[in-house]
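Everything below belongs to work-v1.cif, which stores mmCIF, C-alpha atoms.
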data_coords
#
loop_
_atom_site.label_atom_id
_atom_site.label_comp_id
_atom_site.auth_asym_id
_atom_site.auth_seq_id
_atom_site.Cartn_x
_atom_site.Cartn_y
_atom_site.Cartn_z
CA MET A 926 99.60 56.44 187.97
CA VAL A 927 97.21 53.80 186.65
CA GLU A 928 98.22 52.43 183.29
CA LYS A 929 96.06 53.73 180.45
CA GLN A 930 94.46 51.55 177.79
CA ILE A 931 95.43 53.21 174.53
CA PRO A 932 93.68 52.74 171.17
CA TYR A 933 96.96 52.39 169.23
CA ASN A 934 99.60 49.69 168.92
CA PHE A 935 102.38 51.99 167.66
CA ILE A 936 102.76 55.70 168.44
CA ALA A 937 105.58 57.78 166.96
CA ILE A 938 106.45 61.13 168.55
CA GLU A 939 108.08 63.66 166.23
CA GLY A 940 109.11 67.30 166.17
CA ASN A 941 111.94 69.66 165.42
CA ILE A 942 115.31 69.61 167.18
CA GLY A 943 114.67 70.37 170.87
CA ALA A 944 110.93 69.70 170.75
CA GLY A 945 110.97 67.26 173.67
CA LYS A 946 110.28 64.06 171.71
CA THR A 947 112.37 61.79 173.90
CA THR A 948 111.10 63.27 177.15
CA LEU A 949 107.48 62.77 176.16
CA ALA A 950 108.04 59.30 174.70
CA LYS A 951 109.71 58.09 177.89
CA LYS A 952 106.89 59.35 180.08
CA LEU A 953 104.17 57.93 177.84
CA ALA A 954 105.87 54.53 177.65
CA VAL A 955 105.73 54.25 181.44
CA ASP A 956 102.10 55.32 181.79
CA PHE A 957 100.88 53.35 178.77
CA ASN A 958 102.96 50.30 179.80
CA SER A 959 104.52 50.33 176.33
CA ARG A 960 107.83 49.27 174.89
CA LEU A 961 110.04 52.27 174.22
CA ILE A 962 112.12 52.84 171.09
CA LEU A 963 114.64 55.69 171.33
CA GLU A 964 116.74 56.97 168.46
CA GLN A 965 120.46 56.32 169.02
CA PHE A 966 121.64 59.61 167.52
CA ALA A 967 124.29 60.32 170.17
CA GLU A 968 126.43 57.47 168.85
CA ASN A 969 126.56 58.83 165.30
CA PRO A 970 130.14 60.06 164.63
CA PHE A 971 129.03 62.22 161.69
CA LEU A 972 126.68 64.43 163.71
CA PRO A 973 129.24 66.79 165.33
CA LYS A 974 131.11 66.91 162.01
CA PHE A 975 127.89 67.87 160.20
CA TYR A 976 127.28 70.90 162.41
CA ASP A 977 130.87 72.04 161.77
CA ASN A 978 130.75 71.47 158.01
CA PRO A 979 127.24 70.64 156.71
CA GLU A 980 128.11 70.58 153.02
CA LYS A 981 130.87 68.04 153.45
CA HIS A 982 129.20 65.70 155.93
CA ALA A 983 125.45 65.90 155.12
CA PHE A 984 125.33 62.90 152.78
CA PRO A 985 127.27 60.41 154.95
CA LEU A 986 125.32 61.65 157.99
CA GLU A 987 121.94 61.05 156.38
CA LEU A 988 122.98 57.65 154.99
CA SER A 989 124.24 56.52 158.38
CA PHE A 990 121.02 57.64 160.06
CA LEU A 991 118.98 55.86 157.41
CA ALA A 992 120.80 52.58 158.05
CA GLU A 993 120.72 52.90 161.85
CA ARG A 994 117.03 53.81 162.04
CA TYR A 995 116.03 51.06 159.65
CA GLN A 996 118.01 48.40 161.51
CA GLN A 997 116.66 49.49 164.88
CA LEU A 998 113.02 49.66 163.80
CA LYS A 999 113.23 46.40 161.85
CA ASN A 1000 114.53 44.64 164.96
CA GLU A 1001 112.29 46.30 167.55
CA LEU A 1002 109.02 46.29 165.61
CA GLY A 1003 109.46 42.62 164.81
CA LYS A 1004 109.57 41.60 168.46
CA GLN A 1005 106.55 40.38 170.43
CA ASP A 1006 105.95 41.16 174.10
CA ILE A 1007 102.68 39.91 175.58
CA PHE A 1008 103.19 42.08 178.66
CA LYS A 1009 103.87 45.23 176.63
CA PRO A 1010 102.01 44.85 173.34
CA THR A 1011 102.14 48.55 172.42
CA ILE A 1012 105.11 50.65 171.30
CA VAL A 1013 106.03 54.32 171.76
CA SER A 1014 108.93 55.69 169.72
CA ASP A 1015 110.63 59.09 169.86
CA TYR A 1016 110.96 59.16 166.07
CA TYR A 1017 109.22 58.16 162.87
CA PHE A 1018 111.27 56.62 160.07
CA LEU A 1019 109.92 59.32 157.75
CA LYS A 1020 112.21 61.83 159.50
CA SER A 1021 115.08 60.32 157.49
CA LEU A 1022 113.54 61.67 154.30
CA ILE A 1023 112.61 64.99 155.91
CA PHE A 1024 116.12 65.79 157.12
CA ALA A 1025 117.62 64.55 153.86
CA LYS A 1026 115.34 66.91 151.94
CA ALA A 1027 116.48 69.80 154.11
CA ASN A 1028 120.20 68.96 154.08
CA LEU A 1029 121.13 67.39 150.75
CA ILE A 1030 121.68 68.89 147.33
CA GLU A 1031 119.29 67.83 144.58
CA ASP A 1032 121.18 64.91 143.03
CA GLU A 1033 122.15 63.49 146.44
CA TYR A 1034 118.55 63.74 147.60
CA GLY A 1035 117.35 61.97 144.47
CA LEU A 1036 119.56 58.97 145.19
CA TYR A 1037 118.74 59.04 148.89
CA SER A 1038 115.01 59.16 148.18
CA LYS A 1039 115.22 56.02 146.03
CA LEU A 1040 116.99 54.14 148.82
CA PHE A 1041 114.54 55.39 151.40
CA HIS A 1042 111.45 54.24 149.51
CA ILE A 1043 112.93 50.80 148.82
CA ILE A 1044 113.38 50.05 152.52
CA ASN A 1045 110.49 52.10 153.90
CA ASP A 1046 107.93 49.75 152.38
CA SER A 1047 109.11 46.94 154.65
CA LEU A 1048 108.43 48.89 157.87
CA PRO A 1049 105.00 49.28 159.49
CA LYS A 1050 103.63 52.80 159.78
CA PRO A 1051 102.68 54.14 163.21
CA ASP A 1052 99.01 54.01 164.12
CA LEU A 1053 99.36 57.56 165.41
CA PHE A 1054 101.96 60.10 164.31
CA VAL A 1055 102.27 62.91 166.89
CA TYR A 1056 104.07 66.11 165.90
CA LEU A 1057 105.11 68.53 168.66
CA TYR A 1058 105.16 72.11 167.42
CA HIS A 1059 107.34 74.76 169.07
CA ASP A 1060 108.28 78.14 167.71
CA VAL A 1061 111.99 78.67 167.06
CA LYS A 1062 112.55 80.77 170.18
CA ARG A 1063 111.27 77.93 172.40
CA LEU A 1064 113.31 75.36 170.46
CA GLN A 1065 116.50 77.36 171.00
CA GLU A 1066 115.76 77.64 174.71
CA ASN A 1067 115.35 73.86 174.94
CA ILE A 1068 118.51 73.23 172.94
CA LYS A 1069 120.54 75.45 175.23
CA LYS A 1070 119.08 73.80 178.35
CA ARG A 1071 120.10 70.30 177.33
CA GLY A 1072 123.60 71.51 176.58
CA ARG A 1073 124.85 69.34 173.72
CA ASN A 1074 127.95 71.17 172.51
CA TYR A 1075 127.51 70.42 168.82
CA GLU A 1076 123.96 71.84 168.85
CA GLN A 1077 124.70 75.21 170.43
CA ARG A 1078 125.46 76.94 167.13
CA ILE A 1079 122.36 75.79 165.25
CA PRO A 1080 120.98 78.92 163.56
CA ASP A 1081 117.32 79.89 163.62
CA GLU A 1082 117.24 79.58 159.84
CA TYR A 1083 118.08 75.88 160.01
CA LEU A 1084 115.32 75.18 162.54
CA ILE A 1085 112.85 77.07 160.37
CA LYS A 1086 113.94 75.03 157.35
CA ILE A 1087 113.43 71.75 159.21
CA GLN A 1088 110.04 72.88 160.50
CA THR A 1089 108.89 73.89 157.03
CA THR A 1090 110.04 70.59 155.57
CA TYR A 1091 108.15 68.64 158.22
CA PHE A 1092 104.93 70.51 157.44
CA ASP A 1093 105.40 70.03 153.69
CA PHE A 1094 105.63 66.27 154.20
CA ILE A 1095 102.81 66.11 156.75
CA LYS A 1096 100.42 67.70 154.26
CA GLN A 1097 101.13 64.84 151.85
CA LEU A 1098 100.33 62.05 154.34
CA ASN A 1099 96.67 61.51 153.55
CA ASP A 1100 96.49 57.89 154.72
CA GLN A 1101 97.61 58.27 158.35
CA ARG A 1102 96.41 59.56 161.70
CA ILE A 1103 98.42 62.70 162.38
CA LEU A 1104 98.13 64.74 165.56
CA VAL A 1105 99.84 68.16 165.48
CA ILE A 1106 100.00 69.70 168.96
CA ASP A 1107 101.09 73.29 169.56
CA VAL A 1108 103.08 72.89 172.77
CA ASN A 1109 104.51 76.40 173.07
CA ASN A 1110 102.50 76.94 176.26
CA ILE A 1111 102.83 73.39 177.61
CA ASP A 1112 105.63 72.24 179.91
CA PHE A 1113 104.99 68.50 179.88
CA ALA A 1114 108.53 67.82 181.10
CA ASN A 1115 108.10 69.57 184.46
CA ASP A 1116 104.39 70.20 185.03
CA ASN A 1117 102.30 67.11 185.86
CA ALA A 1118 99.04 68.82 184.97
CA HIS A 1119 100.42 69.74 181.55
CA TYR A 1120 101.73 66.22 181.04
CA ASN A 1121 98.40 64.66 182.02
CA TYR A 1122 96.72 66.94 179.50
CA MET A 1123 99.10 65.72 176.79
CA MET A 1124 98.51 62.11 177.77
CA GLU A 1125 94.74 62.51 177.54
CA ILE A 1126 95.02 64.13 174.11
CA ILE A 1127 97.20 61.36 172.73
CA ASN A 1128 95.00 58.67 174.29
CA LYS A 1129 91.94 59.64 172.22
CA PRO A 1130 90.86 57.80 169.05
CA TYR A 1131 91.45 59.84 165.89
CA SER A 1132 90.37 59.39 162.30
CA ILE A 1133 92.68 59.28 159.31
CA GLY A 1134 93.89 62.80 158.50
CA ILE A 1135 95.44 65.74 160.33
CA THR A 1136 94.12 66.88 163.71
CA ARG A 1137 95.52 70.16 165.04
CA ILE A 1138 95.37 71.07 168.72
CA THR A 1139 96.44 74.35 170.33
CA ALA A 1140 96.55 74.47 174.11
#
Starting from the coordinates I provided, produce the structure as structure tokens.
Amino acid sequence: MVEKQIPYNFIAIEGNIGAGKTTLAKKLAVDFNSRLILEQFAENPFLPKFYDNPEKHAFPLELSFLAERYQQLKNELGKQDIFKPTIVSDYYFLKSLIFAKANLIEDEYGLYSKLFHIINDSLPKPDLFVYLYHDVKRLQENIKKRGRNYEQRIPDEYLIKIQTTYFDFIKQLNDQRILVIDVNNIDFANDNAHYNYMMEIINKPYSIGITRITA
């Protein structure tokens, strides 16, 4: 496929657990000739422990993710590549605050939020923030397909909580380009026509604010 000229320097793909963020980011990075930033969540030793005992391991999990995401983005976004000047990431640093809000008790979240805002100011915001929306049934199907053992017992209620928290934060972002795409009827992972449709949507210029698209 011919490389596309995109109107953004930095695109962040977001969504709930099992939304297909990494799959889409990888495909876009190839077709947009962009550098790819992937979250290194699989190496986090607290993640399996969290799903077994959320109350005990939520705070160290969120702190470790905060540090890892910050370090990765600080390093990657500071690099220059004249052959690949644009960047596609499968996460937005804001997700640290979103998951902390969903998982931490009030006093822990208060401390976490202070730390987040101190370091967040030193990171550039994406030029386009893309949120992939699936209903919970589709998310659970995707989670089961990819077969990560520690994810198989995630309850619907937790996915709903994460989804709600994402939307609460998105509504507050009045200074960014936000593209919310309902992908319940789109199989961009396996259907080239569906993927090309997604690519064309993301490749359009958008104004500041929230744009919602339902396929």
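For A:Lys1050, the non-local neighbours within 9 Å, defined as residues at least 6 positions apart in the same chain or in other chains and counting all atoms listed in the file, are A:Phe935, A:Ala937, A:Tyr1017, A:Phe1018, A:Gln1101.
Shortest separation to A:Val1108 among A:Leu953, A:Leu986, A:Leu998, A:Ala1140 occurs at residue A:Ala1140, atoms counted being only C-alpha atoms.
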Among the residues A:Ile942, A:Leu1002, A:Ile1111, A:Ile1012, the one that comes closest to A:Leu1053 [using all atoms listed in the file]: A:Ile1012
Would you write out, as a PDB file with C-alpha atoms, keeping the file's coordinate frame, every residue that the PyMOL selection byres ((chain A and resi 1009-1011) around 10) captures in this file?
ATOM      1  CA  GLN A 930      94.460  51.550 177.790  1.00  0.00           C
ATOM      2  CA  ILE A 931      95.430  53.210 174.530  1.00  0.00           C
ATOM      3  CA  PRO A 932      93.680  52.740 171.170  1.00  0.00           C
ATOM      4  CA  TYR A 933      96.960  52.390 169.230  1.00  0.00           C
ATOM      5  CA  ASN A 934      99.600  49.690 168.920  1.00  0.00           C
ATOM      6  CA  PHE A 935     102.380  51.990 167.660  1.00  0.00           C
ATOM      7  CA  ILE A 936     102.760  55.700 168.440  1.00  0.00           C
ATOM      8  CA  ALA A 954     105.870  54.530 177.650  1.00  0.00           C
ATOM      9  CA  PHE A 957     100.880  53.350 178.770  1.00  0.00           C
ATOM     10  CA  ASN A 958     102.960  50.300 179.800  1.00  0.00           C
ATOM     11  CA  SER A 959     104.520  50.330 176.330  1.00  0.00           C
ATOM     12  CA  ARG A 960     107.830  49.270 174.890  1.00  0.00           C
ATOM     13  CA  LEU A 961     110.040  52.270 174.220  1.00  0.00           C
ATOM     14  CA  LEU A1002     109.020  46.290 165.610  1.00  0.00           C
ATOM     15  CA  LYS A1004     109.570  41.600 168.460  1.00  0.00           C
ATOM     16  CA  GLN A1005     106.550  40.380 170.430  1.00  0.00           C
ATOM     17  CA  ASP A1006     105.950  41.160 174.100  1.00  0.00           C
ATOM     18  CA  ILE A1007     102.680  39.910 175.580  1.00  0.00           C
ATOM     19  CA  PHE A1008     103.190  42.080 178.660  1.00  0.00           C
ATOM     20  CA  ILE A1012     105.110  50.650 171.300  1.00  0.00           C
ATOM     21  CA  VAL A1013     106.030  54.320 171.760  1.00  0.00           C
TER      22      VAL A1013
END
Please enumerate the residues selected by the PyMOL selection byres ((chain A and resi 1057) around 6) when evaluated against the supplied file, formatted as a CSV table (one decimal) with C-alpha atoms, keeping the file's coordinate frame.
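Writing the result to result-v9.csv gives the following:
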chain,number,residue,atom,x,y,z
A,940,GLY,CA,109.1,67.3,166.2
A,1056,TYR,CA,104.1,66.1,165.9
A,1058,TYR,CA,105.2,72.1,167.4
A,1106,ILE,CA,100.0,69.7,169.0
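Omitting A:Leu972 and its sequence neighbours fewer than 4 positions away, and counting only C-alpha atoms, the residues within 8 Å are Phe966, Tyr976, Leu986 and Tyr1075 of chain A.
Counting only C-alpha atoms and comparing A:Gln1065, A:Ile1127, A:Leu988, A:Ile1103, the residue that lies closest to A:Tyr1034 is A:Leu988.
For the residues A:Ile962, A:Leu1040, A:Leu1029, A:Ala944, ranking by smallest atom-to-atom distance to A:Val1061 using only C-alpha atoms places A:Ala944 first.
Of note, atom CA of A:Pro1051 and atom CA of A:Thr1136 are spaced 15.4 Å apart.
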Just the residues within 12 Å of A:Ser1038, please, counting all atoms listed in the file, with nothing from its chain fewer than 6 positions along; format it as a compact mmCIF listing (two decimals) with C-alpha atoms, keeping the file's coordinate frame.
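What landed in part17.txt:
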# COMPACT_ATOMS: atom_id res chain seq x y z
CA PHE A 984 125.33 62.90 152.78
CA GLU A 987 121.94 61.05 156.38
CA LEU A 988 122.98 57.65 154.99
CA LEU A 991 118.98 55.86 157.41
CA LEU A 1019 109.92 59.32 157.75
CA LYS A 1020 112.21 61.83 159.50
CA SER A 1021 115.08 60.32 157.49
CA LEU A 1022 113.54 61.67 154.30
CA ILE A 1023 112.61 64.99 155.91
CA PHE A 1024 116.12 65.79 157.12
CA ALA A 1025 117.62 64.55 153.86
CA LYS A 1026 115.34 66.91 151.94
CA LEU A 1029 121.13 67.39 150.75
CA ILE A 1030 121.68 68.89 147.33
CA GLU A 1031 119.29 67.83 144.58
CA ASP A 1032 121.18 64.91 143.03
CA ILE A 1044 113.38 50.05 152.52
CA ASN A 1045 110.49 52.10 153.90
Atom CA of A:Lys974 to atom CA of A:Ile1085, distance in Å rounded to a single decimal: 21.0 Å
Generate N, CA and C atoms for stretch 1000-1026 of chain A and emit them as an mmCIF file, keeping the file's coordinate frame.
data_model
loop_
_atom_site.group_PDB
_atom_site.id
_atom_site.type_symbol
_atom_site.label_atom_id
_atom_site.label_comp_id
_atom_site.auth_asym_id
_atom_site.auth_seq_id
_atom_site.Cartn_x
_atom_site.Cartn_y
_atom_site.Cartn_z
ATOM 1 N N ASN A 1000 114.333 45.555 163.833
ATOM 2 C CA ASN A 1000 114.530 44.640 164.960
ATOM 3 C C ASN A 1000 113.441 44.800 166.022
ATOM 4 N N GLU A 1001 113.193 46.044 166.421
ATOM 5 C CA GLU A 1001 112.290 46.300 167.550
ATOM 6 C C GLU A 1001 110.824 46.042 167.183
ATOM 7 N N LEU A 1002 110.417 46.456 165.986
ATOM 8 C CA LEU A 1002 109.020 46.290 165.610
ATOM 9 C C LEU A 1002 108.673 44.837 165.313
ATOM 10 N N GLY A 1003 109.692 44.025 165.073
ATOM 11 C CA GLY A 1003 109.460 42.620 164.810
ATOM 12 C C GLY A 1003 109.345 41.764 166.053
ATOM 13 N N LYS A 1004 109.633 42.340 167.205
ATOM 14 C CA LYS A 1004 109.570 41.600 168.460
ATOM 15 C C LYS A 1004 108.128 41.555 168.997
ATOM 16 N N GLN A 1005 107.849 40.516 169.770
ATOM 17 C CA GLN A 1005 106.550 40.380 170.430
ATOM 18 C C GLN A 1005 106.756 40.389 171.937
ATOM 19 N N ASP A 1006 105.897 41.119 172.633
ATOM 20 C CA ASP A 1006 105.950 41.160 174.100
ATOM 21 C C ASP A 1006 104.524 41.148 174.613
ATOM 22 N N ILE A 1007 104.078 40.014 175.148
ATOM 23 C CA ILE A 1007 102.680 39.910 175.580
ATOM 24 C C ILE A 1007 102.380 40.811 176.761
ATOM 25 N N PHE A 1008 103.406 41.207 177.501
ATOM 26 C CA PHE A 1008 103.190 42.080 178.660
ATOM 27 C C PHE A 1008 103.214 43.553 178.271
ATOM 28 N N LYS A 1009 103.847 43.871 177.140
ATOM 29 C CA LYS A 1009 103.870 45.230 176.630
ATOM 30 C C LYS A 1009 103.606 45.194 175.120
ATOM 31 N N PRO A 1010 102.347 45.036 174.753
ATOM 32 C CA PRO A 1010 102.010 44.850 173.340
ATOM 33 C C PRO A 1010 102.073 46.126 172.502
ATOM 34 N N THR A 1011 102.095 47.298 173.160
ATOM 35 C CA THR A 1011 102.140 48.550 172.420
ATOM 36 C C THR A 1011 103.541 49.147 172.427
ATOM 37 N N ILE A 1012 103.782 50.059 171.482
ATOM 38 C CA ILE A 1012 105.110 50.650 171.300
ATOM 39 C C ILE A 1012 104.985 52.167 171.216
ATOM 40 N N VAL A 1013 105.887 52.863 171.895
ATOM 41 C CA VAL A 1013 106.030 54.320 171.760
ATOM 42 C C VAL A 1013 107.465 54.587 171.310
ATOM 43 N N SER A 1014 107.616 55.351 170.243
ATOM 44 C CA SER A 1014 108.930 55.690 169.720
ATOM 45 C C SER A 1014 109.126 57.198 169.711
ATOM 46 N N ASP A 1015 110.362 57.641 169.894
ATOM 47 C CA ASP A 1015 110.630 59.090 169.860
ATOM 48 C C ASP A 1015 111.045 59.545 168.463
ATOM 49 N N TYR A 1016 110.768 58.725 167.458
ATOM 50 C CA TYR A 1016 110.960 59.160 166.070
ATOM 51 C C TYR A 1016 110.137 58.296 165.135
ATOM 52 N N TYR A 1017 109.910 58.839 163.950
ATOM 53 C CA TYR A 1017 109.220 58.160 162.870
ATOM 54 C C TYR A 1017 110.240 58.011 161.740
ATOM 55 N N PHE A 1018 110.276 56.862 161.108
ATOM 56 C CA PHE A 1018 111.270 56.620 160.070
ATOM 57 C C PHE A 1018 111.230 57.683 158.968
ATOM 58 N N LEU A 1019 110.075 58.280 158.764
ATOM 59 C CA LEU A 1019 109.920 59.320 157.750
ATOM 60 C C LEU A 1019 110.873 60.486 157.980
ATOM 61 N N LYS A 1020 111.322 60.698 159.232
ATOM 62 C CA LYS A 1020 112.210 61.830 159.500
ATOM 63 C C LYS A 1020 113.505 61.721 158.696
ATOM 64 N N SER A 1021 113.894 60.492 158.313
ATOM 65 C CA SER A 1021 115.080 60.320 157.490
ATOM 66 C C SER A 1021 114.939 61.096 156.181
ATOM 67 N N LEU A 1022 113.777 60.987 155.573
ATOM 68 C CA LEU A 1022 113.540 61.670 154.300
ATOM 69 C C LEU A 1022 113.403 63.179 154.508
ATOM 70 N N ILE A 1023 112.807 63.570 155.621
ATOM 71 C CA ILE A 1023 112.610 64.990 155.910
ATOM 72 C C ILE A 1023 113.939 65.709 156.087
ATOM 73 N N PHE A 1024 114.831 65.138 156.902
ATOM 74 C CA PHE A 1024 116.120 65.790 157.120
ATOM 75 C C PHE A 1024 116.997 65.717 155.866
ATOM 76 N N ALA A 1025 116.867 64.635 155.112
ATOM 77 C CA ALA A 1025 117.620 64.550 153.860
ATOM 78 C C ALA A 1025 117.169 65.632 152.886
ATOM 79 N N LYS A 1026 115.869 65.864 152.819
ATOM 80 C CA LYS A 1026 115.340 66.910 151.940
ATOM 81 C C LYS A 1026 115.877 68.279 152.334
#
